[in-house]
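Participant: Pasting final_30.cif below, which is mmCIF, C-alpha atoms.
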```cif
data_structure
loop_
_atom_site.label_atom_id
_atom_site.label_comp_id
_atom_site.auth_asym_id
_atom_site.auth_seq_id
_atom_site.Cartn_x
_atom_site.Cartn_y
_atom_site.Cartn_z
CA MET X 29 58.96 59.92 -1.17
CA LEU X 30 60.87 56.80 -0.24
CA ARG X 31 62.59 56.80 3.15
CA ASN X 32 65.32 54.49 4.44
CA LEU X 33 65.53 52.97 7.89
CA ASP X 34 68.79 53.34 9.80
CA LEU X 35 69.92 49.78 10.51
CA THR X 36 72.36 50.91 13.19
CA ALA X 37 69.56 52.68 15.04
CA LEU X 38 67.30 49.66 14.53
CA ARG X 39 69.94 47.40 16.09
CA SER X 40 70.05 49.64 19.16
CA PHE X 41 66.25 49.66 19.31
CA VAL X 42 66.07 45.86 19.22
CA ALA X 43 68.83 45.54 21.84
CA VAL X 44 67.00 47.89 24.23
CA ALA X 45 63.71 46.06 23.68
CA GLU X 46 65.28 42.65 24.29
CA THR X 47 67.47 43.54 27.27
CA GLY X 48 64.96 45.88 28.91
CA GLY X 49 67.21 48.88 29.29
CA VAL X 50 69.60 51.28 27.58
CA THR X 51 72.51 50.41 29.89
CA ARG X 52 72.34 46.67 29.21
CA ALA X 53 71.84 47.28 25.50
CA ALA X 54 74.90 49.54 25.43
CA GLY X 55 76.98 46.82 27.04
CA GLN X 56 75.75 44.23 24.55
CA LEU X 57 76.47 46.51 21.58
CA HIS X 58 79.79 47.76 22.98
CA LEU X 59 78.55 51.35 22.79
CA THR X 60 78.15 54.13 25.33
CA GLN X 61 74.76 54.71 26.92
CA PRO X 62 74.42 58.22 25.39
CA ALA X 63 75.16 56.78 21.94
CA VAL X 64 72.34 54.24 22.24
CA SER X 65 69.94 56.88 23.57
CA MET X 66 70.82 59.17 20.67
CA GLN X 67 70.17 56.41 18.14
CA LEU X 68 66.75 55.73 19.67
CA LYS X 69 65.89 59.43 19.56
CA ARG X 70 67.04 59.68 15.93
CA LEU X 71 64.94 56.65 14.98
CA GLU X 72 61.82 58.07 16.61
CA GLU X 73 62.34 61.48 15.00
CA SER X 74 62.96 60.03 11.53
CA MET X 75 59.75 57.96 11.71
CA GLY X 76 57.71 60.58 13.54
CA LEU X 77 56.64 57.95 16.07
CA SER X 78 56.95 57.36 19.79
CA LEU X 79 58.47 53.89 20.08
CA MET X 80 59.33 53.77 23.79
CA ASP X 81 57.03 54.42 26.74
CA ARG X 82 59.25 56.13 29.28
CA SER X 83 56.52 57.07 31.75
CA GLY X 84 57.24 54.17 34.12
CA ARG X 85 60.37 53.13 35.99
CA GLY X 86 61.55 50.94 33.14
CA ILE X 87 61.37 51.14 29.38
CA ALA X 88 58.35 49.62 27.64
CA LEU X 89 57.38 49.54 23.98
CA THR X 90 54.45 51.49 22.63
CA GLN X 91 52.04 49.80 20.24
CA GLN X 92 54.03 51.22 17.31
CA GLY X 93 57.25 50.05 18.95
CA GLU X 94 55.99 46.47 19.26
CA LEU X 95 55.08 46.44 15.57
CA LEU X 96 58.46 47.87 14.58
CA LEU X 97 60.28 45.29 16.72
CA SER X 98 58.88 42.45 14.62
CA TYR X 99 59.99 44.10 11.38
CA ALA X 100 63.35 45.19 12.82
CA ARG X 101 64.32 41.66 13.83
CA ARG X 102 63.64 40.39 10.32
CA LEU X 103 65.51 43.28 8.70
CA LEU X 104 68.56 42.80 10.89
CA ALA X 105 68.56 39.03 10.38
CA LEU X 106 68.50 39.51 6.61
CA ASN X 107 71.22 42.15 6.85
CA ASP X 108 73.44 39.87 8.94
CA GLU X 109 72.85 36.91 6.65
CA THR X 110 73.68 38.99 3.56
CA TRP X 111 76.80 40.43 5.16
CA GLY X 112 77.96 37.01 6.29
CA ARG X 113 77.51 35.35 2.92
CA LEU X 114 79.25 38.13 1.01
CA THR X 115 82.16 38.83 3.35
CA ALA X 116 83.00 35.56 5.12
CA ASP X 117 84.36 33.66 2.13
CA ASP X 118 87.89 33.79 3.53
CA PHE X 119 86.79 31.87 6.62
CA GLU X 120 86.56 28.21 5.70
CA ASP X 121 87.39 26.08 8.69
CA GLU X 122 86.05 23.59 11.23
CA ILE X 123 85.81 24.35 14.94
CA VAL X 124 85.22 21.80 17.67
CA LEU X 125 83.14 23.22 20.52
CA GLY X 126 82.90 21.14 23.69
CA VAL X 127 79.96 21.67 26.06
CA PRO X 128 78.76 19.52 29.00
CA HIS X 129 75.41 17.89 28.27
CA ASP X 130 73.53 19.79 30.94
CA ILE X 131 74.39 23.31 29.76
CA VAL X 132 73.88 22.86 26.02
CA TYR X 133 70.39 24.25 26.53
CA PRO X 134 69.27 27.01 26.24
CA HIS X 135 72.15 29.14 24.97
CA ILE X 136 74.26 26.99 22.65
CA PRO X 137 71.68 26.37 19.88
CA LYS X 138 71.08 30.14 19.58
CA VAL X 139 74.80 30.86 19.60
CA LEU X 140 75.50 28.31 16.87
CA LYS X 141 72.66 29.69 14.75
CA GLN X 142 74.04 33.23 14.96
CA PHE X 143 77.59 32.07 14.30
CA ALA X 144 76.44 30.19 11.20
CA VAL X 145 74.84 33.37 9.88
CA GLU X 146 78.07 35.31 10.33
CA PHE X 147 80.41 32.55 9.08
CA PRO X 148 78.41 30.28 6.74
CA ARG X 149 81.52 28.49 5.48
CA VAL X 150 82.73 27.50 8.94
CA LYS X 151 81.59 24.16 10.32
CA VAL X 152 81.14 23.91 14.08
CA GLN X 153 81.25 20.40 15.52
CA LEU X 154 79.48 20.28 18.88
CA VAL X 155 80.87 17.68 21.29
CA SER X 156 79.01 16.97 24.54
CA SER X 157 80.79 15.20 27.36
CA TYR X 158 81.92 15.64 30.96
CA THR X 159 83.93 18.69 31.97
CA MET X 160 87.13 16.76 32.67
CA ASP X 161 86.88 14.88 29.39
CA LEU X 162 86.36 18.12 27.46
CA LYS X 163 89.38 19.71 29.14
CA ARG X 164 91.48 16.68 28.14
CA LYS X 165 90.30 17.08 24.56
CA LEU X 166 91.36 20.73 24.66
CA GLU X 167 94.82 19.79 25.95
CA GLN X 168 95.16 17.13 23.25
CA GLY X 169 94.16 19.56 20.50
CA LYS X 170 90.92 17.68 19.85
CA ALA X 171 88.76 20.67 20.82
CA ASP X 172 89.15 24.39 20.12
CA LEU X 173 86.80 25.92 22.69
CA VAL X 174 85.24 24.21 25.70
CA LEU X 175 82.79 25.09 28.43
CA GLY X 176 82.86 23.47 31.84
CA THR X 177 81.07 23.41 35.19
CA GLU X 178 83.56 23.91 38.04
CA VAL X 179 83.52 25.08 41.65
CA SER X 180 86.15 27.72 40.85
CA CYS X 181 87.47 29.13 37.61
CA PRO X 182 90.87 27.56 36.84
CA SER X 183 93.88 29.37 35.46
CA GLY X 184 93.62 29.92 31.72
CA ALA X 185 89.81 29.95 31.73
CA VAL X 186 87.19 32.66 32.17
CA SER X 187 83.87 32.50 33.99
CA VAL X 188 80.85 33.32 31.80
CA GLY X 189 78.16 32.57 34.37
CA ALA X 190 77.25 30.76 37.56
CA ALA X 191 74.53 28.44 38.80
CA CYS X 192 73.78 26.84 42.16
CA LEU X 193 73.65 23.10 42.69
CA ASN X 194 70.33 22.04 44.20
CA TRP X 195 68.33 18.93 45.08
CA PHE X 196 65.49 17.91 42.76
CA CYS X 197 62.78 15.27 42.81
CA ALA X 198 59.69 14.36 40.80
CA GLU X 199 56.75 16.71 40.86
CA ASP X 200 54.48 15.51 43.69
CA GLY X 201 57.20 12.98 44.53
CA ARG X 202 57.61 11.34 47.94
CA VAL X 203 60.86 9.42 47.59
CA TRP X 204 62.75 12.16 49.46
CA LYS X 205 60.88 11.13 52.64
CA LYS X 206 62.43 7.65 52.64
CA GLN X 207 65.63 6.61 54.43
CA PRO X 208 68.25 6.02 53.27
CA LEU X 209 67.93 8.75 50.64
CA ALA X 210 67.78 7.24 47.15
CA LEU X 211 70.10 8.87 44.59
CA ALA X 212 70.33 8.56 40.81
CA TYR X 213 73.55 9.48 39.01
CA GLU X 214 75.69 8.86 36.01
CA ASN X 215 78.91 7.22 37.12
CA GLU X 216 81.18 10.02 35.84
CA CYS X 217 79.03 12.98 36.86
CA LEU X 218 81.02 15.73 38.58
CA PHE X 219 78.11 16.68 40.83
CA ARG X 220 77.81 13.19 42.31
CA HIS X 221 80.90 13.68 44.48
CA PHE X 222 79.62 16.97 45.93
CA ALA X 223 76.15 15.56 46.64
CA VAL X 224 77.49 12.50 48.44
CA GLN X 225 80.07 14.52 50.36
CA ALA X 226 77.40 16.96 51.58
CA LEU X 227 75.12 14.12 52.70
CA ASP X 228 77.94 12.41 54.58
CA LYS X 229 78.89 15.64 56.32
CA ALA X 230 75.26 16.18 57.35
CA GLY X 231 75.00 12.60 58.65
CA ILE X 232 72.24 11.66 56.20
CA ALA X 233 72.20 8.03 55.09
CA TRP X 234 72.01 7.48 51.33
CA GLU X 235 72.14 4.76 48.71
CA LEU X 236 72.87 4.92 44.99
CA VAL X 237 69.85 3.20 43.46
CA VAL X 238 70.73 4.27 39.90
CA ASP X 239 74.35 4.12 38.75
CA THR X 240 74.41 4.38 34.97
CA ASN X 241 76.28 5.55 31.89
CA HIS X 242 73.13 7.09 30.43
CA ALA X 243 71.66 10.50 31.23
CA LYS X 244 68.20 9.40 30.11
CA THR X 245 68.19 6.68 32.76
CA VAL X 246 68.78 9.28 35.47
CA GLU X 247 66.06 11.52 34.09
CA ALA X 248 63.51 8.71 33.89
CA SER X 249 64.33 7.45 37.39
CA VAL X 250 63.86 10.83 39.02
CA SER X 251 60.69 11.55 37.04
CA ALA X 252 59.32 8.17 38.16
CA ASP X 253 59.92 9.16 41.82
CA LEU X 254 62.52 6.43 42.31
CA ALA X 255 65.32 8.76 43.40
CA VAL X 256 66.41 12.35 43.94
CA HIS X 257 69.18 14.09 42.05
CA ALA X 258 71.34 17.19 42.58
CA CYS X 259 72.01 19.29 39.50
CA LEU X 260 72.48 22.92 38.49
CA CYS X 261 69.43 25.12 38.88
CA GLY X 262 67.97 25.75 35.44
CA THR X 263 69.18 22.45 33.98
CA GLN X 264 66.58 20.21 35.66
CA SER X 265 63.85 18.45 33.71
CA ALA X 266 60.59 20.36 33.35
CA ASP X 267 58.72 17.83 35.52
CA TRP X 268 61.14 18.07 38.47
CA ILE X 269 60.79 20.35 41.49
CA VAL X 270 63.18 21.43 44.23
CA VAL X 271 63.11 18.98 47.14
CA PRO X 272 61.03 20.58 49.95
CA GLU X 273 62.97 22.25 52.78
CA GLU X 274 61.41 19.90 55.32
CA ALA X 275 63.60 17.14 53.89
CA GLY X 276 66.53 18.82 55.64
CA LEU X 277 68.96 18.14 52.81
CA PRO X 278 72.27 20.03 53.02
CA SER X 279 73.04 23.08 50.92
CA LEU X 280 75.30 22.57 47.91
CA PRO X 281 77.97 24.81 46.32
CA GLU X 282 77.65 27.25 43.46
CA PHE X 283 79.37 26.27 40.23
CA GLN X 284 81.02 28.50 37.67
CA ILE X 285 80.30 28.09 33.96
CA THR X 286 83.84 28.32 32.63
CA MET X 287 85.19 28.75 29.12
CA GLN X 288 88.65 27.94 27.83
CA LYS X 289 90.19 28.39 24.38
CA GLY X 290 92.69 26.27 22.50
CA GLY X 291 95.40 27.81 20.38
CA ALA X 292 95.38 25.83 17.16
CA LYS X 293 92.63 27.43 15.07
CA ASN X 294 91.91 30.87 13.62
CA PRO X 295 91.71 33.23 16.63
CA VAL X 296 89.18 35.49 14.87
CA LEU X 297 86.70 32.63 14.65
CA ILE X 298 87.36 31.33 18.17
CA ASP X 299 87.12 34.81 19.66
CA ARG X 300 83.82 35.51 17.91
CA LEU X 301 82.29 32.21 18.99
CA ALA X 302 83.51 32.82 22.54
CA GLY X 303 82.07 36.33 22.41
CA LEU X 304 78.64 35.08 21.37
CA ILE X 305 78.65 32.58 24.23
CA THR X 306 79.68 35.26 26.72
CA GLU X 307 76.90 37.57 25.49
CA ALA X 308 74.33 34.77 25.72
CA TYR X 309 75.14 34.08 29.36
CA ALA X 310 75.27 37.77 30.21
CA ASN X 311 71.84 38.54 28.76
CA GLN X 312 69.77 35.42 29.39
CA THR X 313 68.63 33.18 32.21
CA MET X 314 68.61 29.38 32.28
CA PRO X 315 65.02 28.04 32.39
CA ALA X 316 64.20 24.44 33.14
CA ARG X 317 64.82 22.08 30.25
CA THR X 318 62.01 20.53 28.34
CA PRO X 319 61.73 16.75 28.88
CA HIS X 320 63.11 15.72 25.47
CA LEU X 321 66.55 17.12 26.19
CA GLN X 322 69.35 15.17 27.84
CA ALA X 323 69.63 14.99 31.58
CA VAL X 324 72.58 16.47 33.43
CA SER X 325 76.04 15.02 33.36
CA GLY X 326 78.28 17.63 34.97
#
```
Transcribe the structure of this file into structure tokens.
Facilitator:
Amino acid sequence: MLRNLDLTALRSFVAVAETGGVTRAAGQLHLTQPAVSMQLKRLEESMGLSLMDRSGRGIALTQQGELLLSYARRLLALNDETWGRLTADDFEDEIVLGVPHDIVYPHIPKVLKQFAVEFPRVKVQLVSSYTMDLKRKLEQGKADLVLGTEVSCPSGAVSVGAACLNWFCAEDGRVWKKQPLALAYENECLFRHFAVQALDKAGIAWELVVDTNHAKTVEASVSADLAVHACLCGTQSADWIVVPEEAGLPSLPEFQITMQKGGAKNPVLIDRLAGLITEAYANQTMPARTPHLQAVSG
């Protein structure tokens, strides 16, 4: 006899597996915790399988659960693609999303991929620039949704995450031992001001050995052990490390990842894109970038 899988229950199962807990999955799915637990129980009973190992402190997948997770992801992806193609015909538009270079990775590519599945007829133009430039574009109507890196969340924006500013140098580098401290920065980088201000306050001599318009120049200079650089934790190049504590460099402020909407385009589309971004920051961390991606620009 043929049996049908409950896609709603499968979605809860995948969310629990990916977030590591029923509470976080419930928040992601906008459901109550008991509702998610009930869906998991119903899925296990319908299949006659134990999918979750609840013997430990957390929730782990059984061998059958791991196998189902692979199938469930593919089933849900196909379901979402089918639903999007058959129901999103009314949404034909173009959205301009502005994101600073340094925080494009790792969340934005995944967000754009999911959004394209849900709204295949909507084109999203990704614009990468500095926070202040992106905010100007929003004010001028040249962008519909922008992210920014700011010390505090301004009026009209919401904070979707936070990251600390820290000092980085080349792996096995020694340039941080030299005086004055050699810095590499793009000339419009927001973080440059905070790094220099902190060094001045701490009485540490410094010199700007790389002052450029190009992010790649900064990345190459730091990787070559020609200078140090302060950027958001999680956005550094994969071959950079935190400058050792013995360098005595001053602490730097935490920055908010802010998001602000324009008012010109379809609010349903803007709200959904904003929601996907919010969910991505709520459920994921920011690992170090791989070397081929752009260096930070604030």
Participant: Mind telling me what the PyMOL selection byres ((chain X and resi 236-253) around 8) catches here, as a list in words?
Facilitator: Cys197, Ala198, Glu199, Gly201, Arg202, Val203, Ala210, Leu211, Ala212, Tyr213, Glu214, Asn215, Glu216, Trp234, Glu235, Leu254, Ala255, Val256, His257, Ser265, Asp267, Trp268, Gln322, Ala323, Val324 and Ser325 of chain X
Participant: Any chance you could work out the residue set of the PyMOL selection byres ((chain X and resi 41) around 10) here, as a PyMOL selection string?
Facilitator: chain X and resi 35-40+42-46+50+53+64-65+67-69+71-72+79-80+93+96-97+100-101
Participant: For the atom pair atom CA of X:Asn32 and atom CA of X:Ser98, what is the interatomic distance in Å to one decimal place?
Facilitator: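 About the pair atom CA of X:Asn32 and atom CA of X:Ser98: they are 17.0 Å apart.
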Participant: Can you work out the spacing between atom CA of X:Val152 and atom CA of X:Pro295 in Å, to one decimal?
Facilitator: 14.3 Å
Participant: Pick the closest to X:Gly169 from X:Lys289, X:Arg220, X:Arg70, X:Lys206: which is it, counting only C-alpha atoms?
Facilitator: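 Between X:Lys289, X:Arg220, X:Arg70, X:Lys206, the residue approaching X:Gly169 most closely is X:Lys289.
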Participant: Which one is closest to X:Ser279: X:Thr110, X:Ser157, X:Gln225, X:Gln264? Count all atoms listed in the file.
Facilitator: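 Of X:Thr110, X:Ser157, X:Gln225, X:Gln264, the one nearest X:Ser279, counting all atoms listed in the file, is X:Gln225.
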Participant: Please list as a PyMOL selection string every residue within 12 Å of X:Lys229, counting all atoms listed in the file and excluding residues in the same chain fewer than 4 positions away.
Facilitator: chain X and resi 222-225+233-234+277-280
Participant: Output C-alpha atoms for every residue in that selection, as a PDB file, keeping the file's coordinate frame.
Facilitator:
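Below is the file result.pdb, written as the result:
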```pdb
ATOM      1  CA  PHE X 222      79.620  16.970  45.930  1.00  0.00           C
ATOM      2  CA  ALA X 223      76.150  15.560  46.640  1.00  0.00           C
ATOM      3  CA  VAL X 224      77.490  12.500  48.440  1.00  0.00           C
ATOM      4  CA  GLN X 225      80.070  14.520  50.360  1.00  0.00           C
ATOM      5  CA  ALA X 233      72.200   8.030  55.090  1.00  0.00           C
ATOM      6  CA  TRP X 234      72.010   7.480  51.330  1.00  0.00           C
ATOM      7  CA  LEU X 277      68.960  18.140  52.810  1.00  0.00           C
ATOM      8  CA  PRO X 278      72.270  20.030  53.020  1.00  0.00           C
ATOM      9  CA  SER X 279      73.040  23.080  50.920  1.00  0.00           C
ATOM     10  CA  LEU X 280      75.300  22.570  47.910  1.00  0.00           C
TER      11      LEU X 280
END
```
Participant: Applying 9 Å and all atoms listed in the file, which residues near stretch 170-175 of chain X remain after dropping the ones on its own chain fewer than 2 positions away? List them as an MDAnalysis selection string.
Facilitator: chainID X and resid 123:128 131 155 159 162:168 177 285:293 298 301:302
Participant: Just give me the gap between atom CA of X:Gly86 and atom CA of X:Ser74 in Å, one decimal is fine.
Facilitator: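 Taking atom CA of X:Gly86 and atom CA of X:Ser74, their separation equals 23.5 Å.
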Participant: I'd like to know which of X:Leu209, X:Leu103, X:Leu33, X:Cys192 is closest to X:Ile232, using only C-alpha atoms.
Facilitator: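 Of the candidates, the smallest distance to X:Ile232 is held by X:Leu209.
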Participant: Do you know which residues are at most 9 Å from X:Lys151 counting all atoms listed in the file, after dropping those on the same chain fewer than 3 positions away, and could you put them as a ChimeraX atom specification?
Facilitator: /X:120-124,144,147-148
Participant: Counting all atoms listed in the file, which residue out of X:Gln61, X:Asn194, X:Gln92, X:Ser187 sits closest to X:Val270?
Facilitator: X:Asn194
Participant: Please determine an axis-aligned box that encloses all atoms of stretch 42-53 of chain X listed in the file, with 4 Å added on each side, and express its centre and edge lengths in Å to one decimal as AutoDock Vina command-line options.
Facilitator:
```
--center_x 68.1 --center_y 47.0 --center_z 24.6 --size_x 16.8 --size_y 16.6 --size_z 18.7
```
